[in-house]
Amino acid sequence: MKTYGTTTGPFAEKPFFKREEIEQLCRDELARCDLYPSEPAPIRIDRFVEKRFKVRPSYEDLPAGLLGFTLFGDKGVEQIVVARALDEDGTQPAERRLRTTLAHESGHGLLHAHLFAFGALPELLFGDAVTADVPKILCREGGVSGVGAGTGRKPPYRWWEFQANLAMSTLLLPKSLVEQALNSLLIRQGFAANRTLAVDSRERAIRLLSDIFDVNSVVARIRLDGLYPCGIERQLTL
């Protein structure tokens, strides 16, 4: 991980992570907490929050559009709060949105806690009653992959949210477990050693990942597109 000075966003510094670094970090953290399954299965993300950050997620009434937030102290994560509405809905899509939000907040905890170590408050993340005078990252609808506001508008790019979403998808759908789950659908073409996914198998793969890892289809699609980009199977034959 490298760090650069930046004038975009709420922090003076911007950490840069290679995707491989996030993959390895999330795998190691799950394994360290004894929560990396031996075969494809839903990740116990609520238990990961408890074991890794030594906090229990709390559920509170939050303003409309606010999914949750992570409270930081000089020693890291002090609290993770999620909108009570996600917890009380009771439907499968809501349960999966809840899992997505917890994984997203865990991503902030893993990748961004050091940005708060010296007590510098990022003003652009605050400014309403729910924040008070303590350092938090607020996560709103549209900023968390798979938990959108349904407006059809693309949310503004915020690098800290993009990074947390990468960690979220990696925590919920670890690469090696995804490969195991899709073993029968992956193909090898040309001279490349890596396997890929045929276009006509993508929708089936999304449904399979959603069922196995207990995530909404949009999260499965994002993860699939990251691991097996559309069109790569055609490029391998050139």
# chains A, B, ... in the order shown; residues from 1 in each chain; ligands from 1
call {"tool": "residues_around", "arguments": {"residues": "Ser106 in chain A", "least_positions_apart": "3", "cutoff": "10 Å", "atoms": "only C-alpha atoms", "output": "NGL selection string"}}
result
:A and (26 or 45-46 or 48-49 or 52-53 or 70 or 77 or 80 or 100-103 or 109-112 or 164-165 or 167-168 or 171)
call {"tool": "write_last_selection", "arguments": {"atoms": "N, CA and C atoms", "output": "tab-separated table (two decimals), in the first residue's frame"}}
result
chain	number	residue	atom	x	y	z
A	26	CYS	N	-7.96	-9.14	2.75
A	26	CYS	CA	-9.26	-9.66	3.20
A	26	CYS	C	-9.19	-11.16	3.48
A	45	ILE	N	-20.25	-12.42	8.19
A	45	ILE	CA	-19.69	-11.07	8.24
A	45	ILE	C	-20.00	-10.38	9.57
A	46	ASP	N	-21.14	-10.68	10.19
A	46	ASP	CA	-21.43	-10.09	11.50
A	46	ASP	C	-20.43	-10.58	12.54
A	48	PHE	N	-17.43	-11.59	11.83
A	48	PHE	CA	-16.14	-11.00	11.48
A	48	PHE	C	-16.00	-9.62	12.13
A	49	VAL	N	-17.06	-8.83	12.09
A	49	VAL	CA	-17.02	-7.51	12.73
A	49	VAL	C	-16.69	-7.65	14.21
A	52	ARG	N	-12.89	-9.23	14.55
A	52	ARG	CA	-11.78	-8.41	14.03
A	52	ARG	C	-11.68	-7.05	14.72
A	53	PHE	N	-12.81	-6.40	14.94
A	53	PHE	CA	-12.79	-5.04	15.47
A	53	PHE	C	-13.17	-4.96	16.94
A	70	THR	N	-19.14	4.20	10.44
A	70	THR	CA	-18.11	3.62	11.27
A	70	THR	C	-17.48	4.74	12.10
A	77	VAL	N	-11.29	1.12	14.86
A	77	VAL	CA	-12.75	1.12	14.88
A	77	VAL	C	-13.26	1.05	16.31
A	80	ILE	N	-19.55	0.33	14.90
A	80	ILE	CA	-20.16	0.25	13.58
A	80	ILE	C	-21.67	0.27	13.77
A	100	THR	N	-24.23	-6.71	3.11
A	100	THR	CA	-23.41	-5.86	2.25
A	100	THR	C	-22.94	-4.63	3.01
A	101	THR	N	-23.83	-4.01	3.78
A	101	THR	CA	-23.47	-2.81	4.54
A	101	THR	C	-22.42	-3.12	5.59
A	102	LEU	N	-22.58	-4.24	6.30
A	102	LEU	CA	-21.58	-4.63	7.30
A	102	LEU	C	-20.22	-4.88	6.66
A	103	ALA	N	-20.22	-5.51	5.49
A	103	ALA	CA	-18.96	-5.77	4.80
A	103	ALA	C	-18.32	-4.47	4.31
A	109	GLY	N	-12.99	-0.10	7.94
A	109	GLY	CA	-12.20	-0.42	9.11
A	109	GLY	C	-10.83	-0.98	8.76
A	110	LEU	N	-10.78	-1.83	7.74
A	110	LEU	CA	-9.53	-2.45	7.34
A	110	LEU	C	-8.61	-1.49	6.59
A	111	LEU	N	-9.18	-0.62	5.77
A	111	LEU	CA	-8.38	0.18	4.85
A	111	LEU	C	-8.13	1.61	5.31
A	112	HIS	N	-8.99	2.15	6.17
A	112	HIS	CA	-8.94	3.59	6.40
A	112	HIS	C	-8.76	4.01	7.86
A	164	ALA	N	-13.69	0.82	-0.17
A	164	ALA	CA	-14.49	0.03	0.77
A	164	ALA	C	-15.36	-0.98	0.03
A	165	ASN	N	-15.85	-0.60	-1.15
A	165	ASN	CA	-16.65	-1.54	-1.94
A	165	ASN	C	-15.81	-2.69	-2.47
A	167	ALA	N	-13.22	-3.96	-0.93
A	167	ALA	CA	-13.05	-4.84	0.22
A	167	ALA	C	-14.34	-5.58	0.53
A	168	MET	N	-15.46	-4.90	0.41
A	168	MET	CA	-16.76	-5.53	0.67
A	168	MET	C	-16.97	-6.75	-0.21
A	171	LEU	N	-14.55	-9.56	0.77
A	171	LEU	CA	-14.90	-10.22	2.02
A	171	LEU	C	-16.07	-11.18	1.84
call {"tool": "select_by_dssp", "arguments": {"residues": "range 165-208 of chain A", "states": "strand (DSSP E or B)", "output": "list in words"}}
result
Leu186, Ile187, Thr196 and Leu197 of chain A
call {"tool": "write_last_selection", "arguments": {"atoms": "N, CA and C atoms", "output": "PDB file, in the first residue's frame"}}
result
ATOM      1  N   LEU A 186     -16.324 -22.493 -15.616  1.00  0.00           N
ATOM      2  CA  LEU A 186     -15.134 -21.819 -16.131  1.00  0.00           C
ATOM      3  C   LEU A 186     -14.530 -22.608 -17.288  1.00  0.00           C
ATOM      4  N   ILE A 187     -13.969 -21.868 -18.256  1.00  0.00           N
ATOM      5  CA  ILE A 187     -13.380 -22.492 -19.436  1.00  0.00           C
ATOM      6  C   ILE A 187     -11.965 -21.974 -19.633  1.00  0.00           C
ATOM      7  N   THR A 196     -11.594 -18.552 -17.725  1.00  0.00           N
ATOM      8  CA  THR A 196     -12.529 -17.440 -17.776  1.00  0.00           C
ATOM      9  C   THR A 196     -13.951 -17.974 -17.863  1.00  0.00           C
ATOM     10  N   LEU A 197     -14.894 -17.057 -18.018  1.00  0.00           N
ATOM     11  CA  LEU A 197     -16.307 -17.414 -17.997  1.00  0.00           C
ATOM     12  C   LEU A 197     -16.943 -17.028 -19.323  1.00  0.00           C
TER      13      LEU A 197
END
call {"tool": "residues_around", "arguments": {"residues": "range 86-88 of chain A", "least_positions_apart": "2", "cutoff": "12 Å", "atoms": "only C-alpha atoms", "output": "PDB file with N, CA and C atoms, in the first residue's frame"}}
result
ATOM      1  N   PRO A  57     -21.991  -4.862  15.997  1.00  0.00           N
ATOM      2  CA  PRO A  57     -22.753  -3.883  15.223  1.00  0.00           C
ATOM      3  C   PRO A  57     -23.994  -3.447  16.002  1.00  0.00           C
ATOM      4  N   SER A  58     -24.273  -2.172  15.978  1.00  0.00           N
ATOM      5  CA  SER A  58     -25.489  -1.664  16.616  1.00  0.00           C
ATOM      6  C   SER A  58     -26.425  -1.143  15.545  1.00  0.00           C
ATOM      7  N   TYR A  59     -27.714  -1.160  15.842  1.00  0.00           N
ATOM      8  CA  TYR A  59     -28.735  -0.789  14.873  1.00  0.00           C
ATOM      9  C   TYR A  59     -29.536   0.374  15.429  1.00  0.00           C
ATOM     10  N   GLU A  60     -29.531   1.475  14.690  1.00  0.00           N
ATOM     11  CA  GLU A  60     -30.164   2.696  15.174  1.00  0.00           C
ATOM     12  C   GLU A  60     -31.031   3.307  14.084  1.00  0.00           C
ATOM     13  N   ASP A  61     -31.955   4.161  14.509  1.00  0.00           N
ATOM     14  CA  ASP A  61     -32.766   4.929  13.558  1.00  0.00           C
ATOM     15  C   ASP A  61     -31.889   6.034  12.981  1.00  0.00           C
ATOM     16  N   LEU A  62     -31.628   5.960  11.690  1.00  0.00           N
ATOM     17  CA  LEU A  62     -30.758   6.923  11.032  1.00  0.00           C
ATOM     18  C   LEU A  62     -31.555   7.752  10.034  1.00  0.00           C
ATOM     19  N   ALA A  64     -32.983   9.384   6.643  1.00  0.00           N
ATOM     20  CA  ALA A  64     -33.271   8.750   5.354  1.00  0.00           C
ATOM     21  C   ALA A  64     -32.053   8.830   4.449  1.00  0.00           C
ATOM     22  N   GLY A  65     -31.757   7.709   3.802  1.00  0.00           N
ATOM     23  CA  GLY A  65     -30.638   7.656   2.875  1.00  0.00           C
ATOM     24  C   GLY A  65     -29.311   7.297   3.507  1.00  0.00           C
ATOM     25  N   LEU A  66     -29.248   7.278   4.843  1.00  0.00           N
ATOM     26  CA  LEU A  66     -28.012   6.919   5.534  1.00  0.00           C
ATOM     27  C   LEU A  66     -28.075   5.461   5.953  1.00  0.00           C
ATOM     28  N   LEU A  67     -27.176   4.655   5.404  1.00  0.00           N
ATOM     29  CA  LEU A  67     -27.181   3.216   5.657  1.00  0.00           C
ATOM     30  C   LEU A  67     -26.455   2.850   6.935  1.00  0.00           C
ATOM     31  N   GLY A  68     -25.413   3.589   7.264  1.00  0.00           N
ATOM     32  CA  GLY A  68     -24.636   3.282   8.440  1.00  0.00           C
ATOM     33  C   GLY A  68     -23.405   4.153   8.511  1.00  0.00           C
ATOM     34  N   VAL A  81     -22.302   1.249  13.145  1.00  0.00           N
ATOM     35  CA  VAL A  81     -23.743   1.455  13.288  1.00  0.00           C
ATOM     36  C   VAL A  81     -24.407   1.265  11.928  1.00  0.00           C
ATOM     37  N   VAL A  82     -25.513   0.534  11.924  1.00  0.00           N
ATOM     38  CA  VAL A  82     -26.263   0.264  10.698  1.00  0.00           C
ATOM     39  C   VAL A  82     -27.700   0.718  10.905  1.00  0.00           C
ATOM     40  N   ALA A  83     -28.327   1.162   9.842  1.00  0.00           N
ATOM     41  CA  ALA A  83     -29.718   1.617   9.919  1.00  0.00           C
ATOM     42  C   ALA A  83     -30.620   0.490  10.413  1.00  0.00           C
ATOM     43  N   ARG A  84     -31.420   0.785  11.411  1.00  0.00           N
ATOM     44  CA  ARG A  84     -32.317  -0.212  11.986  1.00  0.00           C
ATOM     45  C   ARG A  84     -33.279  -0.776  10.933  1.00  0.00           C
ATOM     46  N   GLY A  90     -36.679  -7.916   7.419  1.00  0.00           N
ATOM     47  CA  GLY A  90     -36.955  -9.344   7.519  1.00  0.00           C
ATOM     48  C   GLY A  90     -36.963 -10.107   6.212  1.00  0.00           C
ATOM     49  N   THR A  91     -36.923  -9.430   5.072  1.00  0.00           N
ATOM     50  CA  THR A  91     -36.922 -10.118   3.786  1.00  0.00           C
ATOM     51  C   THR A  91     -35.507 -10.538   3.411  1.00  0.00           C
ATOM     52  N   GLN A  92     -35.409 -11.490   2.488  1.00  0.00           N
ATOM     53  CA  GLN A  92     -34.084 -11.934   2.050  1.00  0.00           C
ATOM     54  C   GLN A  92     -33.281 -10.803   1.405  1.00  0.00           C
ATOM     55  N   PRO A  93     -33.865 -10.001   0.501  1.00  0.00           N
ATOM     56  CA  PRO A  93     -33.081  -8.887  -0.067  1.00  0.00           C
ATOM     57  C   PRO A  93     -32.565  -7.925   1.004  1.00  0.00           C
ATOM     58  N   ALA A  94     -33.390  -7.654   2.027  1.00  0.00           N
ATOM     59  CA  ALA A  94     -32.962  -6.750   3.091  1.00  0.00           C
ATOM     60  C   ALA A  94     -31.846  -7.371   3.917  1.00  0.00           C
ATOM     61  N   GLU A  95     -31.962  -8.666   4.203  1.00  0.00           N
ATOM     62  CA  GLU A  95     -30.899  -9.352   4.942  1.00  0.00           C
ATOM     63  C   GLU A  95     -29.592  -9.289   4.166  1.00  0.00           C
ATOM     64  N   ARG A  96     -29.680  -9.426   2.871  1.00  0.00           N
ATOM     65  CA  ARG A  96     -28.473  -9.367   2.048  1.00  0.00           C
ATOM     66  C   ARG A  96     -27.929  -7.949   1.957  1.00  0.00           C
ATOM     67  N   ARG A  97     -28.800  -6.953   1.946  1.00  0.00           N
ATOM     68  CA  ARG A  97     -28.336  -5.564   1.978  1.00  0.00           C
ATOM     69  C   ARG A  97     -27.633  -5.272   3.297  1.00  0.00           C
ATOM     70  N   LEU A  98     -28.157  -5.865   4.362  1.00  0.00           N
ATOM     71  CA  LEU A  98     -27.527  -5.703   5.670  1.00  0.00           C
ATOM     72  C   LEU A  98     -26.118  -6.297   5.661  1.00  0.00           C
ATOM     73  N   ARG A  99     -25.983  -7.489   5.110  1.00  0.00           N
ATOM     74  CA  ARG A  99     -24.670  -8.120   5.023  1.00  0.00           C
ATOM     75  C   ARG A  99     -23.710  -7.261   4.186  1.00  0.00           C
ATOM     76  N   THR A 100     -24.231  -6.712   3.109  1.00  0.00           N
ATOM     77  CA  THR A 100     -23.414  -5.860   2.250  1.00  0.00           C
ATOM     78  C   THR A 100     -22.941  -4.628   3.015  1.00  0.00           C
ATOM     79  N   THR A 101     -23.833  -4.010   3.779  1.00  0.00           N
ATOM     80  CA  THR A 101     -23.470  -2.810   4.535  1.00  0.00           C
ATOM     81  C   THR A 101     -22.416  -3.122   5.593  1.00  0.00           C
ATOM     82  N   LEU A 102     -22.576  -4.242   6.302  1.00  0.00           N
ATOM     83  CA  LEU A 102     -21.578  -4.631   7.302  1.00  0.00           C
ATOM     84  C   LEU A 102     -20.224  -4.882   6.663  1.00  0.00           C
ATOM     85  N   GLU A 141     -26.917   5.764   0.687  1.00  0.00           N
ATOM     86  CA  GLU A 141     -27.433   5.011  -0.447  1.00  0.00           C
ATOM     87  C   GLU A 141     -26.767   5.507  -1.724  1.00  0.00           C
ATOM     88  N   VAL A 147     -26.524  -1.518  -2.595  1.00  0.00           N
ATOM     89  CA  VAL A 147     -27.503  -0.916  -1.704  1.00  0.00           C
ATOM     90  C   VAL A 147     -27.758   0.490  -2.217  1.00  0.00           C
TER      91      VAL A 147
END
call {"tool": "atom_distance", "arguments": {"atom1": "CA of Phe17 in chain A", "atom2": "CA of Asn183 in chain A"}}
result
28.2 Å
call {"tool": "atom_distance", "arguments": {"atom1": "CA of Cys33 in chain A", "atom2": "CA of Trp160 in chain A"}}
result
24.4 Å
call {"tool": "closest_residue", "arguments": {"among": "A:Leu227, A:Ala113, A:Leu182, A:Leu173", "to": "Arg19 in chain A", "atoms": "only C-alpha atoms"}}
result
A:Leu227
call {"tool": "closest_residue", "arguments": {"among": "A:Glu105, A:Asp89, A:Lys18, A:Ser169", "to": "Asn216 in chain A", "atoms": "only C-alpha atoms"}}
result
A:Ser169
call {"tool": "closest_residue", "arguments": {"among": "A:His108, A:Lys175, A:Arg204, A:Arg223", "to": "Arg27 in chain A", "atoms": "only C-alpha atoms"}}
result
A:Lys175
call {"tool": "closest_residue", "arguments": {"among": "A:Ile206, A:Ser217, A:Lys75, A:Leu166", "to": "Glu20 in chain A", "atoms": "only C-alpha atoms"}}
result
A:Leu166
call {"tool": "closest_residue", "arguments": {"among": "A:Gln163, A:Leu208, A:Leu30, A:Glu23", "to": "Arg44 in chain A", "atoms": "only C-alpha atoms"}}
result
A:Leu30
call {"tool": "select_by_dssp", "arguments": {"residues": "range 49-78 of chain A", "states": "alpha helix (DSSP H)", "output": "PyMOL selection string"}}
result
chain A and resi 49-53
